[in-house]
>>> print(open('run.pdb').read())   # PDB, N, CA, C and O atoms
ATOM      1  N   MET T   1     -80.479 -34.383 -63.151
ATOM      2  CA  MET T   1     -79.116 -34.666 -62.782
ATOM      3  C   MET T   1     -78.330 -33.368 -62.785
ATOM      4  O   MET T   1     -78.424 -32.566 -63.700
ATOM      5  N   SER T   2     -77.546 -33.149 -61.741
ATOM      6  CA  SER T   2     -76.710 -31.958 -61.617
ATOM      7  C   SER T   2     -75.386 -32.152 -62.358
ATOM      8  O   SER T   2     -75.042 -33.262 -62.758
ATOM      9  N   TYR T   3     -74.668 -31.043 -62.498
ATOM     10  CA  TYR T   3     -73.381 -31.072 -63.186
ATOM     11  C   TYR T   3     -72.381 -31.918 -62.398
ATOM     12  O   TYR T   3     -72.236 -31.769 -61.188
ATOM     13  N   ILE T   4     -71.697 -32.801 -63.093
ATOM     14  CA  ILE T   4     -70.650 -33.633 -62.497
ATOM     15  C   ILE T   4     -69.315 -33.042 -62.918
ATOM     16  O   ILE T   4     -69.002 -32.982 -64.109
ATOM     17  N   ASN T   5     -68.532 -32.592 -61.936
ATOM     18  CA  ASN T   5     -67.268 -31.924 -62.257
ATOM     19  C   ASN T   5     -66.198 -32.940 -62.679
ATOM     20  O   ASN T   5     -66.414 -34.151 -62.643
ATOM     21  N   LEU T   6     -65.042 -32.412 -63.077
ATOM     22  CA  LEU T   6     -63.976 -33.272 -63.609
ATOM     23  C   LEU T   6     -63.446 -34.265 -62.581
ATOM     24  O   LEU T   6     -63.153 -35.416 -62.920
ATOM     25  N   LYS T   7     -63.316 -33.836 -61.338
ATOM     26  CA  LYS T   7     -62.831 -34.732 -60.292
ATOM     27  C   LYS T   7     -63.792 -35.913 -60.113
ATOM     28  O   LYS T   7     -63.361 -37.054 -59.988
ATOM     29  N   GLU T   8     -65.077 -35.623 -60.114
ATOM     30  CA  GLU T   8     -66.087 -36.675 -59.965
ATOM     31  C   GLU T   8     -66.115 -37.594 -61.188
ATOM     32  O   GLU T   8     -66.226 -38.808 -61.049
ATOM     33  N   ARG T   9     -65.974 -37.016 -62.358
ATOM     34  CA  ARG T   9     -65.941 -37.828 -63.589
ATOM     35  C   ARG T   9     -64.724 -38.754 -63.593
ATOM     36  O   ARG T   9     -64.819 -39.917 -63.969
ATOM     37  N   TYR T  10     -63.583 -38.212 -63.168
ATOM     38  CA  TYR T  10     -62.358 -39.003 -63.131
ATOM     39  C   TYR T  10     -62.507 -40.164 -62.146
ATOM     40  O   TYR T  10     -62.132 -41.298 -62.451
ATOM     41  N   PHE T  11     -63.060 -39.887 -60.978
ATOM     42  CA  PHE T  11     -63.283 -40.927 -59.976
ATOM     43  C   PHE T  11     -64.184 -42.024 -60.529
ATOM     44  O   PHE T  11     -63.870 -43.213 -60.437
ATOM     45  N   LEU T  12     -65.314 -41.625 -61.117
ATOM     46  CA  LEU T  12     -66.242 -42.612 -61.669
ATOM     47  C   LEU T  12     -65.619 -43.381 -62.829
ATOM     48  O   LEU T  12     -65.812 -44.594 -62.956
ATOM     49  N   ALA T  13     -64.878 -42.679 -63.676
ATOM     50  CA  ALA T  13     -64.243 -43.338 -64.821
ATOM     51  C   ALA T  13     -63.251 -44.401 -64.351
ATOM     52  O   ALA T  13     -63.211 -45.506 -64.901
ATOM     53  N   GLN T  14     -62.462 -44.081 -63.327
ATOM     54  CA  GLN T  14     -61.508 -45.058 -62.794
ATOM     55  C   GLN T  14     -62.239 -46.300 -62.277
ATOM     56  O   GLN T  14     -61.848 -47.428 -62.577
ATOM     57  N   LYS T  15     -63.282 -46.079 -61.503
ATOM     58  CA  LYS T  15     -64.027 -47.196 -60.919
ATOM     59  C   LYS T  15     -64.711 -48.027 -62.010
ATOM     60  O   LYS T  15     -64.702 -49.255 -61.964
ATOM     61  N   LEU T  16     -65.288 -47.349 -62.991
ATOM     62  CA  LEU T  16     -65.984 -48.069 -64.061
ATOM     63  C   LEU T  16     -65.010 -48.826 -64.955
ATOM     64  O   LEU T  16     -65.327 -49.925 -65.422
ATOM     65  N   MET T  17     -63.823 -48.259 -65.183
ATOM     66  CA  MET T  17     -62.828 -48.957 -65.998
ATOM     67  C   MET T  17     -62.386 -50.248 -65.314
ATOM     68  O   MET T  17     -62.191 -51.266 -65.972
ATOM     69  N   ARG T  18     -62.245 -50.210 -63.997
ATOM     70  CA  ARG T  18     -61.885 -51.429 -63.258
ATOM     71  C   ARG T  18     -62.981 -52.481 -63.370
ATOM     72  O   ARG T  18     -62.690 -53.659 -63.529
ATOM     73  N   SER T  19     -64.221 -52.049 -63.264
ATOM     74  CA  SER T  19     -65.326 -53.010 -63.326
ATOM     75  C   SER T  19     -65.591 -53.483 -64.748
ATOM     76  O   SER T  19     -66.203 -54.524 -64.947
ATOM     77  N   LEU T  20     -65.106 -52.741 -65.735
ATOM     78  CA  LEU T  20     -65.299 -53.126 -67.129
ATOM     79  C   LEU T  20     -64.626 -54.454 -67.440
ATOM     80  O   LEU T  20     -65.147 -55.263 -68.215
ATOM     81  N   ASN T  21     -63.495 -54.721 -66.808
ATOM     82  CA  ASN T  21     -62.769 -55.970 -67.038
ATOM     83  C   ASN T  21     -63.535 -57.188 -66.545
ATOM     84  O   ASN T  21     -63.365 -58.281 -67.066
ATOM     85  N   HIS T  22     -64.381 -56.993 -65.546
ATOM     86  CA  HIS T  22     -65.121 -58.102 -64.956
ATOM     87  C   HIS T  22     -66.594 -58.096 -65.344
ATOM     88  O   HIS T  22     -67.354 -58.929 -64.855
ATOM     89  N   ALA T  23     -66.988 -57.159 -66.183
ATOM     90  CA  ALA T  23     -68.403 -56.999 -66.528
ATOM     91  C   ALA T  23     -68.829 -58.019 -67.565
ATOM     92  O   ALA T  23     -68.073 -58.376 -68.459
ATOM     93  N   GLY T  24     -70.036 -58.462 -67.425
ATOM     94  CA  GLY T  24     -70.621 -59.367 -68.410
ATOM     95  C   GLY T  24     -71.592 -58.587 -69.273
ATOM     96  O   GLY T  24     -71.210 -57.913 -70.228
ATOM     97  N   GLN T  25     -72.838 -58.641 -68.895
ATOM     98  CA  GLN T  25     -73.886 -57.957 -69.660
ATOM     99  C   GLN T  25     -73.804 -56.443 -69.521
ATOM    100  O   GLN T  25     -74.290 -55.715 -70.391
ATOM    101  N   GLU T  26     -73.195 -55.963 -68.455
ATOM    102  CA  GLU T  26     -73.121 -54.523 -68.230
ATOM    103  C   GLU T  26     -72.048 -53.837 -69.069
ATOM    104  O   GLU T  26     -71.929 -52.629 -69.047
ATOM    105  N   ARG T  27     -71.267 -54.594 -69.799
ATOM    106  CA  ARG T  27     -70.144 -54.032 -70.560
ATOM    107  C   ARG T  27     -70.589 -52.898 -71.487
ATOM    108  O   ARG T  27     -69.981 -51.829 -71.508
ATOM    109  N   SER T  28     -71.658 -53.081 -72.227
ATOM    110  CA  SER T  28     -72.104 -52.030 -73.155
ATOM    111  C   SER T  28     -72.651 -50.828 -72.393
ATOM    112  O   SER T  28     -72.477 -49.680 -72.816
ATOM    113  N   LEU T  29     -73.282 -51.078 -71.253
ATOM    114  CA  LEU T  29     -73.806 -49.992 -70.427
ATOM    115  C   LEU T  29     -72.657 -49.149 -69.853
ATOM    116  O   LEU T  29     -72.690 -47.916 -69.914
ATOM    117  N   ILE T  30     -71.635 -49.805 -69.354
ATOM    118  CA  ILE T  30     -70.467 -49.106 -68.802
ATOM    119  C   ILE T  30     -69.759 -48.326 -69.901
ATOM    120  O   ILE T  30     -69.377 -47.162 -69.701
ATOM    121  N   THR T  31     -69.596 -48.924 -71.053
ATOM    122  CA  THR T  31     -68.946 -48.249 -72.180
ATOM    123  C   THR T  31     -69.727 -47.006 -72.584
ATOM    124  O   THR T  31     -69.145 -45.953 -72.859
ATOM    125  N   SER T  32     -71.038 -47.108 -72.614
ATOM    126  CA  SER T  32     -71.887 -45.970 -72.962
ATOM    127  C   SER T  32     -71.717 -44.833 -71.951
ATOM    128  O   SER T  32     -71.593 -43.662 -72.326
ATOM    129  N   ILE T  33     -71.686 -45.170 -70.672
ATOM    130  CA  ILE T  33     -71.502 -44.152 -69.628
ATOM    131  C   ILE T  33     -70.128 -43.493 -69.776
ATOM    132  O   ILE T  33     -70.011 -42.261 -69.712
ATOM    133  N   LEU T  34     -69.092 -44.301 -69.972
ATOM    134  CA  LEU T  34     -67.739 -43.754 -70.117
ATOM    135  C   LEU T  34     -67.633 -42.829 -71.322
ATOM    136  O   LEU T  34     -66.964 -41.784 -71.250
ATOM    137  N   ASN T  35     -68.288 -43.161 -72.409
ATOM    138  CA  ASN T  35     -68.257 -42.311 -73.602
ATOM    139  C   ASN T  35     -68.939 -40.975 -73.348
ATOM    140  O   ASN T  35     -68.547 -39.959 -73.928
ATOM    141  N   LYS T  36     -69.941 -40.960 -72.493
ATOM    142  CA  LYS T  36     -70.674 -39.727 -72.219
ATOM    143  C   LYS T  36     -69.900 -38.785 -71.293
ATOM    144  O   LYS T  36     -70.206 -37.603 -71.227
ATOM    145  N   PHE T  37     -68.908 -39.287 -70.584
ATOM    146  CA  PHE T  37     -68.129 -38.448 -69.681
ATOM    147  C   PHE T  37     -67.326 -37.385 -70.417
ATOM    148  O   PHE T  37     -66.938 -36.385 -69.826
ATOM    149  N   SER T  38     -67.058 -37.582 -71.694
ATOM    150  CA  SER T  38     -66.281 -36.587 -72.448
ATOM    151  C   SER T  38     -67.117 -35.354 -72.795
ATOM    152  O   SER T  38     -66.573 -34.310 -73.111
ATOM    153  N   ASN T  39     -68.434 -35.469 -72.710
ATOM    154  CA  ASN T  39     -69.328 -34.360 -73.014
ATOM    155  C   ASN T  39     -69.614 -33.585 -71.724
ATOM    156  O   ASN T  39     -69.981 -34.177 -70.722
ATOM    157  N   PRO T  40     -69.458 -32.257 -71.740
ATOM    158  CA  PRO T  40     -69.706 -31.480 -70.517
ATOM    159  C   PRO T  40     -71.143 -31.612 -69.999
ATOM    160  O   PRO T  40     -71.381 -31.590 -68.812
ATOM    161  N   ASP T  41     -72.083 -31.732 -70.900
ATOM    162  CA  ASP T  41     -73.491 -31.880 -70.518
ATOM    163  C   ASP T  41     -73.886 -33.345 -70.630
ATOM    164  O   ASP T  41     -74.407 -33.795 -71.640
ATOM    165  N   ILE T  42     -73.638 -34.076 -69.569
ATOM    166  CA  ILE T  42     -73.927 -35.514 -69.564
ATOM    167  C   ILE T  42     -75.437 -35.713 -69.471
ATOM    168  O   ILE T  42     -76.090 -35.186 -68.573
ATOM    169  N   ILE T  43     -75.962 -36.468 -70.405
ATOM    170  CA  ILE T  43     -77.377 -36.839 -70.363
ATOM    171  C   ILE T  43     -77.419 -38.359 -70.344
ATOM    172  O   ILE T  43     -77.103 -39.015 -71.335
ATOM    173  N   LEU T  44     -77.794 -38.903 -69.186
ATOM    174  CA  LEU T  44     -77.830 -40.353 -69.010
ATOM    175  C   LEU T  44     -79.244 -40.875 -69.196
ATOM    176  O   LEU T  44     -80.219 -40.189 -68.858
ATOM    177  N   THR T  45     -79.341 -42.079 -69.710
ATOM    178  CA  THR T  45     -80.636 -42.740 -69.762
ATOM    179  C   THR T  45     -80.999 -43.164 -68.343
ATOM    180  O   THR T  45     -80.152 -43.159 -67.444
ATOM    181  N   THR T  46     -82.242 -43.546 -68.127
ATOM    182  CA  THR T  46     -82.657 -43.975 -66.788
ATOM    183  C   THR T  46     -81.892 -45.228 -66.374
ATOM    184  O   THR T  46     -81.537 -45.383 -65.205
ATOM    185  N   GLU T  47     -81.616 -46.102 -67.330
ATOM    186  CA  GLU T  47     -80.862 -47.325 -67.036
ATOM    187  C   GLU T  47     -79.431 -46.996 -66.607
ATOM    188  O   GLU T  47     -78.907 -47.570 -65.653
ATOM    189  N   GLU T  48     -78.802 -46.056 -67.309
ATOM    190  CA  GLU T  48     -77.431 -45.656 -66.966
ATOM    191  C   GLU T  48     -77.386 -44.967 -65.602
ATOM    192  O   GLU T  48     -76.502 -45.234 -64.795
ATOM    193  N   ALA T  49     -78.353 -44.093 -65.359
ATOM    194  CA  ALA T  49     -78.405 -43.394 -64.073
ATOM    195  C   ALA T  49     -78.625 -44.379 -62.928
ATOM    196  O   ALA T  49     -77.992 -44.264 -61.874
ATOM    197  N   HIS T  50     -79.489 -45.352 -63.141
ATOM    198  CA  HIS T  50     -79.738 -46.365 -62.116
ATOM    199  C   HIS T  50     -78.469 -47.175 -61.858
ATOM    200  O   HIS T  50     -78.124 -47.433 -60.697
ATOM    201  N   TYR T  51     -77.776 -47.555 -62.916
ATOM    202  CA  TYR T  51     -76.539 -48.329 -62.767
ATOM    203  C   TYR T  51     -75.500 -47.528 -61.970
ATOM    204  O   TYR T  51     -74.860 -48.064 -61.065
ATOM    205  N   LEU T  52     -75.337 -46.248 -62.304
ATOM    206  CA  LEU T  52     -74.383 -45.412 -61.577
ATOM    207  C   LEU T  52     -74.783 -45.272 -60.110
ATOM    208  O   LEU T  52     -73.929 -45.303 -59.228
ATOM    209  N   HIS T  53     -76.075 -45.132 -59.870
ATOM    210  CA  HIS T  53     -76.553 -45.000 -58.497
ATOM    211  C   HIS T  53     -76.225 -46.261 -57.696
ATOM    212  O   HIS T  53     -75.743 -46.181 -56.557
ATOM    213  N   VAL T  54     -76.439 -47.415 -58.287
ATOM    214  CA  VAL T  54     -76.133 -48.684 -57.626
ATOM    215  C   VAL T  54     -74.633 -48.800 -57.367
ATOM    216  O   VAL T  54     -74.205 -49.207 -56.280
ATOM    217  N   GLN T  55     -73.819 -48.422 -58.349
ATOM    218  CA  GLN T  55     -72.368 -48.499 -58.190
ATOM    219  C   GLN T  55     -71.869 -47.535 -57.120
ATOM    220  O   GLN T  55     -71.014 -47.893 -56.316
ATOM    221  N   ILE T  56     -72.411 -46.327 -57.103
ATOM    222  CA  ILE T  56     -72.008 -45.345 -56.097
ATOM    223  C   ILE T  56     -72.361 -45.859 -54.708
ATOM    224  O   ILE T  56     -71.585 -45.701 -53.762
ATOM    225  N   ASN T  57     -73.525 -46.482 -54.567
ATOM    226  CA  ASN T  57     -73.904 -47.060 -53.269
ATOM    227  C   ASN T  57     -72.927 -48.155 -52.856
ATOM    228  O   ASN T  57     -72.579 -48.264 -51.675
ATOM    229  N   ALA T  58     -72.460 -48.948 -53.811
ATOM    230  CA  ALA T  58     -71.480 -49.999 -53.504
ATOM    231  C   ALA T  58     -70.146 -49.374 -53.076
ATOM    232  O   ALA T  58     -69.519 -49.827 -52.111
ATOM    233  N   TYR T  59     -69.716 -48.320 -53.786
ATOM    234  CA  TYR T  59     -68.479 -47.637 -53.418
ATOM    235  C   TYR T  59     -68.618 -46.994 -52.035
ATOM    236  O   TYR T  59     -67.672 -46.979 -51.254
ATOM    237  N   LEU T  60     -69.811 -46.484 -51.741
ATOM    238  CA  LEU T  60     -70.072 -45.875 -50.445
ATOM    239  C   LEU T  60     -69.988 -46.913 -49.329
ATOM    240  O   LEU T  60     -69.419 -46.651 -48.266
ATOM    241  N   ASP T  61     -70.526 -48.079 -49.586
ATOM    242  CA  ASP T  61     -70.425 -49.164 -48.599
ATOM    243  C   ASP T  61     -68.972 -49.517 -48.317
ATOM    244  O   ASP T  61     -68.586 -49.723 -47.159
ATOM    245  N   GLU T  62     -68.158 -49.583 -49.372
ATOM    246  CA  GLU T  62     -66.732 -49.879 -49.206
ATOM    247  C   GLU T  62     -66.050 -48.790 -48.378
ATOM    248  O   GLU T  62     -65.228 -49.085 -47.503
ATOM    249  N   ALA T  63     -66.380 -47.531 -48.661
ATOM    250  CA  ALA T  63     -65.776 -46.415 -47.925
ATOM    251  C   ALA T  63     -66.196 -46.447 -46.460
ATOM    252  O   ALA T  63     -65.401 -46.135 -45.572
ATOM    253  N   MET T  64     -67.431 -46.835 -46.205
ATOM    254  CA  MET T  64     -67.893 -46.921 -44.817
ATOM    255  C   MET T  64     -67.190 -48.050 -44.068
ATOM    256  O   MET T  64     -66.888 -47.908 -42.883
ATOM    257  N   GLU T  65     -66.941 -49.138 -44.753
ATOM    258  CA  GLU T  65     -66.207 -50.240 -44.118
ATOM    259  C   GLU T  65     -64.787 -49.810 -43.750
ATOM    260  O   GLU T  65     -64.253 -50.233 -42.728
ATOM    261  N   ARG T  66     -64.181 -48.989 -44.605
ATOM    262  CA  ARG T  66     -62.822 -48.500 -44.344
ATOM    263  C   ARG T  66     -62.811 -47.302 -43.409
ATOM    264  O   ARG T  66     -61.751 -46.829 -43.007
ATOM    265  N   ARG T  67     -63.998 -46.769 -43.116
ATOM    266  CA  ARG T  67     -64.160 -45.561 -42.289
ATOM    267  C   ARG T  67     -63.401 -44.384 -42.890
ATOM    268  O   ARG T  67     -62.718 -43.628 -42.200
ATOM    269  N   ASP T  68     -63.545 -44.255 -44.202
ATOM    270  CA  ASP T  68     -62.880 -43.202 -44.963
ATOM    271  C   ASP T  68     -63.839 -42.013 -45.088
ATOM    272  O   ASP T  68     -64.660 -41.954 -46.003
ATOM    273  N   ASP T  69     -63.738 -41.075 -44.149
ATOM    274  CA  ASP T  69     -64.672 -39.953 -44.091
ATOM    275  C   ASP T  69     -64.663 -39.100 -45.355
ATOM    276  O   ASP T  69     -65.709 -38.627 -45.802
ATOM    277  N   TYR T  70     -63.489 -38.900 -45.931
ATOM    278  CA  TYR T  70     -63.397 -38.079 -47.141
ATOM    279  C   TYR T  70     -64.223 -38.685 -48.269
ATOM    280  O   TYR T  70     -65.034 -38.007 -48.901
ATOM    281  N   HIS T  71     -64.034 -39.988 -48.535
ATOM    282  CA  HIS T  71     -64.769 -40.631 -49.624
ATOM    283  C   HIS T  71     -66.251 -40.788 -49.296
ATOM    284  O   HIS T  71     -67.084 -40.741 -50.203
ATOM    285  N   ILE T  72     -66.590 -40.956 -48.041
ATOM    286  CA  ILE T  72     -68.001 -41.037 -47.664
ATOM    287  C   ILE T  72     -68.708 -39.741 -48.017
ATOM    288  O   ILE T  72     -69.770 -39.738 -48.641
ATOM    289  N   GLU T  73     -68.099 -38.619 -47.645
ATOM    290  CA  GLU T  73     -68.688 -37.318 -47.959
ATOM    291  C   GLU T  73     -68.725 -37.078 -49.464
ATOM    292  O   GLU T  73     -69.721 -36.605 -50.017
ATOM    293  N   PHE T  74     -67.638 -37.417 -50.133
ATOM    294  CA  PHE T  74     -67.531 -37.249 -51.585
ATOM    295  C   PHE T  74     -68.627 -38.046 -52.300
ATOM    296  O   PHE T  74     -69.322 -37.536 -53.176
ATOM    297  N   LEU T  75     -68.802 -39.303 -51.911
ATOM    298  CA  LEU T  75     -69.785 -40.172 -52.564
ATOM    299  C   LEU T  75     -71.218 -39.779 -52.224
ATOM    300  O   LEU T  75     -72.103 -39.887 -53.081
ATOM    301  N   ASN T  76     -71.464 -39.326 -51.020
ATOM    302  CA  ASN T  76     -72.804 -38.846 -50.678
ATOM    303  C   ASN T  76     -73.179 -37.650 -51.533
ATOM    304  O   ASN T  76     -74.310 -37.549 -52.025
ATOM    305  N   HIS T  77     -72.220 -36.744 -51.715
ATOM    306  CA  HIS T  77     -72.458 -35.565 -52.558
ATOM    307  C   HIS T  77     -72.687 -35.982 -54.023
ATOM    308  O   HIS T  77     -73.585 -35.479 -54.681
ATOM    309  N   LEU T  78     -71.899 -36.910 -54.491
ATOM    310  CA  LEU T  78     -72.028 -37.395 -55.868
ATOM    311  C   LEU T  78     -73.358 -38.104 -56.077
ATOM    312  O   LEU T  78     -74.018 -37.945 -57.104
ATOM    313  N   ARG T  79     -73.768 -38.885 -55.084
ATOM    314  CA  ARG T  79     -75.035 -39.621 -55.175
ATOM    315  C   ARG T  79     -76.219 -38.658 -55.299
ATOM    316  O   ARG T  79     -77.176 -38.937 -56.021
ATOM    317  N   GLU T  80     -76.147 -37.519 -54.619
ATOM    318  CA  GLU T  80     -77.202 -36.523 -54.699
ATOM    319  C   GLU T  80     -77.309 -35.917 -56.099
ATOM    320  O   GLU T  80     -78.383 -35.494 -56.517
ATOM    321  N   LYS T  81     -76.188 -35.863 -56.796
ATOM    322  CA  LYS T  81     -76.169 -35.260 -58.135
ATOM    323  C   LYS T  81     -76.812 -36.144 -59.197
ATOM    324  O   LYS T  81     -77.281 -35.651 -60.211
ATOM    325  N   ILE T  82     -76.787 -37.443 -58.982
ATOM    326  CA  ILE T  82     -77.277 -38.361 -60.015
ATOM    327  C   ILE T  82     -78.710 -38.754 -59.729
ATOM    328  O   ILE T  82     -79.122 -38.985 -58.657
TER     329      ILE T  82
END
>>> encode(input="run.pdb", output="structure tokens")
Amino acid sequence: MSYINLKERYFLAQKLMRSLNHAGQERSLITSILNKFSNPDIILTTEEAHYLHVQINAYLDEAMERRDDYHIEFLNHLREKI
């Protein structure tokens, strides 16, 4: 996994915080990921990395539906890092 900068961490944190309210079993997984964002050297478990990858793909689908080129490029770059 490559370094995730502050802008990317903030974006992911916002999205994960929104999904935290509706999360069932994923609540502890999301909380664990959010806690790791405060550390500059994020080390995710395979389960956490897979969850983030799935979420980023969902966000990418939403951006493609809106035809939001900025977020499409941003999310593609972020997806490569994880």
>>> atom_distance(input="run.pdb", atom1="atom CA of Asn57 of chain T", atom2="atom CA of Leu20 of chain T")
17.4 Å
>>> residues_around(input="run.pdb", residues="Glu47 of chain T", least_positions_apart="2", cutoff="12 Å", atoms="only C-alpha atoms", output="ChimeraX atom specification")
/T:26,28-30,32-33,43-45,49-54,82
>>> atom_distance(input="run.pdb", atom1="atom CA of Leu75 of chain T", atom2="atom CA of Ser19 of chain T")
17.3 Å
>>> closest_residue(input="run.pdb", among="T:Leu34, T:Glu80, T:Tyr3, T:Glu62", to="Leu16 of chain T", atoms="all atoms listed in the file")
T:Leu34
>>> atom_distance(input="run.pdb", atom1="atom O of Thr31 of chain T", atom2="atom N of Arg18 of chain T")
12.0 Å
>>> select_by_dssp(input="run.pdb", residues="chain T", states="helix (DSSP H, G or I)", output="ChimeraX atom specification")
/T:6-20,27-36,46-66,69-81
>>> closest_residue(input="run.pdb", among="T:Pro40, T:His77, T:Glu48, T:Tyr10", to="Arg27 of chain T", atoms="only C-alpha atoms")
T:Glu48
>>> closest_residue(input="run.pdb", among="T:Asn21, T:Glu65, T:Leu60, T:Phe37", to="Glu8 of chain T", atoms="only C-alpha atoms")
T:Phe37
>>> closest_residue(input="run.pdb", among="T:Asp68, T:Asp41, T:Gln55, T:Asn76", to="Ser2 of chain T", atoms="all atoms listed in the file")
T:Asp41
>>> build_atoms(input="run.pdb", residues="segment 53-60 of chain T", atoms="all heavy atoms", output="PDB file, in the coordinates of the input")
ATOM      1  N   HIS T  53     -76.075 -45.132 -59.870  1.00  0.00           N
ATOM      2  CA  HIS T  53     -76.553 -45.000 -58.497  1.00  0.00           C
ATOM      3  C   HIS T  53     -76.225 -46.261 -57.696  1.00  0.00           C
ATOM      4  O   HIS T  53     -75.743 -46.181 -56.557  1.00  0.00           O
ATOM      5  CB  HIS T  53     -78.061 -44.743 -58.500  1.00  0.00           C
ATOM      6  CG  HIS T  53     -78.570 -44.137 -57.244  1.00  0.00           C
ATOM      7  ND1 HIS T  53     -78.434 -44.723 -56.024  1.00  0.00           N
ATOM      8  CD2 HIS T  53     -79.212 -42.975 -57.019  1.00  0.00           C
ATOM      9  CE1 HIS T  53     -78.981 -43.979 -55.097  1.00  0.00           C
ATOM     10  NE2 HIS T  53     -79.467 -42.901 -55.677  1.00  0.00           N
ATOM     11  N   VAL T  54     -76.439 -47.415 -58.287  1.00  0.00           N
ATOM     12  CA  VAL T  54     -76.133 -48.684 -57.626  1.00  0.00           C
ATOM     13  C   VAL T  54     -74.633 -48.800 -57.367  1.00  0.00           C
ATOM     14  O   VAL T  54     -74.205 -49.207 -56.280  1.00  0.00           O
ATOM     15  CB  VAL T  54     -76.639 -49.879 -58.471  1.00  0.00           C
ATOM     16  CG1 VAL T  54     -76.093 -51.201 -57.963  1.00  0.00           C
ATOM     17  CG2 VAL T  54     -78.163 -49.897 -58.491  1.00  0.00           C
ATOM     18  N   GLN T  55     -73.819 -48.422 -58.349  1.00  0.00           N
ATOM     19  CA  GLN T  55     -72.368 -48.499 -58.190  1.00  0.00           C
ATOM     20  C   GLN T  55     -71.869 -47.535 -57.120  1.00  0.00           C
ATOM     21  O   GLN T  55     -71.014 -47.893 -56.316  1.00  0.00           O
ATOM     22  CB  GLN T  55     -71.666 -48.219 -59.525  1.00  0.00           C
ATOM     23  CG  GLN T  55     -71.887 -49.278 -60.566  1.00  0.00           C
ATOM     24  CD  GLN T  55     -71.419 -50.640 -60.091  1.00  0.00           C
ATOM     25  OE1 GLN T  55     -70.312 -50.794 -59.591  1.00  0.00           O
ATOM     26  NE2 GLN T  55     -72.264 -51.634 -60.234  1.00  0.00           N
ATOM     27  N   ILE T  56     -72.411 -46.327 -57.103  1.00  0.00           N
ATOM     28  CA  ILE T  56     -72.008 -45.345 -56.097  1.00  0.00           C
ATOM     29  C   ILE T  56     -72.361 -45.859 -54.708  1.00  0.00           C
ATOM     30  O   ILE T  56     -71.585 -45.701 -53.762  1.00  0.00           O
ATOM     31  CB  ILE T  56     -72.643 -43.970 -56.385  1.00  0.00           C
ATOM     32  CG1 ILE T  56     -71.999 -43.362 -57.631  1.00  0.00           C
ATOM     33  CG2 ILE T  56     -72.507 -43.033 -55.186  1.00  0.00           C
ATOM     34  CD1 ILE T  56     -72.671 -42.129 -58.153  1.00  0.00           C
ATOM     35  N   ASN T  57     -73.525 -46.482 -54.567  1.00  0.00           N
ATOM     36  CA  ASN T  57     -73.904 -47.060 -53.269  1.00  0.00           C
ATOM     37  C   ASN T  57     -72.927 -48.155 -52.856  1.00  0.00           C
ATOM     38  O   ASN T  57     -72.579 -48.264 -51.675  1.00  0.00           O
ATOM     39  CB  ASN T  57     -75.329 -47.602 -53.305  1.00  0.00           C
ATOM     40  CG  ASN T  57     -76.358 -46.493 -53.251  1.00  0.00           C
ATOM     41  OD1 ASN T  57     -76.089 -45.408 -52.767  1.00  0.00           O
ATOM     42  ND2 ASN T  57     -77.539 -46.776 -53.766  1.00  0.00           N
ATOM     43  N   ALA T  58     -72.460 -48.948 -53.811  1.00  0.00           N
ATOM     44  CA  ALA T  58     -71.480 -49.999 -53.504  1.00  0.00           C
ATOM     45  C   ALA T  58     -70.146 -49.374 -53.076  1.00  0.00           C
ATOM     46  O   ALA T  58     -69.519 -49.827 -52.111  1.00  0.00           O
ATOM     47  CB  ALA T  58     -71.282 -50.910 -54.715  1.00  0.00           C
ATOM     48  N   TYR T  59     -69.716 -48.320 -53.786  1.00  0.00           N
ATOM     49  CA  TYR T  59     -68.479 -47.637 -53.418  1.00  0.00           C
ATOM     50  C   TYR T  59     -68.618 -46.994 -52.035  1.00  0.00           C
ATOM     51  O   TYR T  59     -67.672 -46.979 -51.254  1.00  0.00           O
ATOM     52  CB  TYR T  59     -68.106 -46.555 -54.438  1.00  0.00           C
ATOM     53  CG  TYR T  59     -68.009 -47.023 -55.864  1.00  0.00           C
ATOM     54  CD1 TYR T  59     -68.362 -46.181 -56.918  1.00  0.00           C
ATOM     55  CD2 TYR T  59     -67.567 -48.296 -56.188  1.00  0.00           C
ATOM     56  CE1 TYR T  59     -68.266 -46.601 -58.237  1.00  0.00           C
ATOM     57  CE2 TYR T  59     -67.474 -48.716 -57.510  1.00  0.00           C
ATOM     58  CZ  TYR T  59     -67.835 -47.864 -58.519  1.00  0.00           C
ATOM     59  OH  TYR T  59     -67.751 -48.266 -59.826  1.00  0.00           O
ATOM     60  N   LEU T  60     -69.811 -46.484 -51.741  1.00  0.00           N
ATOM     61  CA  LEU T  60     -70.072 -45.875 -50.445  1.00  0.00           C
ATOM     62  C   LEU T  60     -69.988 -46.913 -49.329  1.00  0.00           C
ATOM     63  O   LEU T  60     -69.419 -46.651 -48.266  1.00  0.00           O
ATOM     64  CB  LEU T  60     -71.444 -45.200 -50.462  1.00  0.00           C
ATOM     65  CG  LEU T  60     -71.858 -44.404 -49.238  1.00  0.00           C
ATOM     66  CD1 LEU T  60     -70.849 -43.303 -48.938  1.00  0.00           C
ATOM     67  CD2 LEU T  60     -73.236 -43.820 -49.444  1.00  0.00           C
TER      68      LEU T  60
END
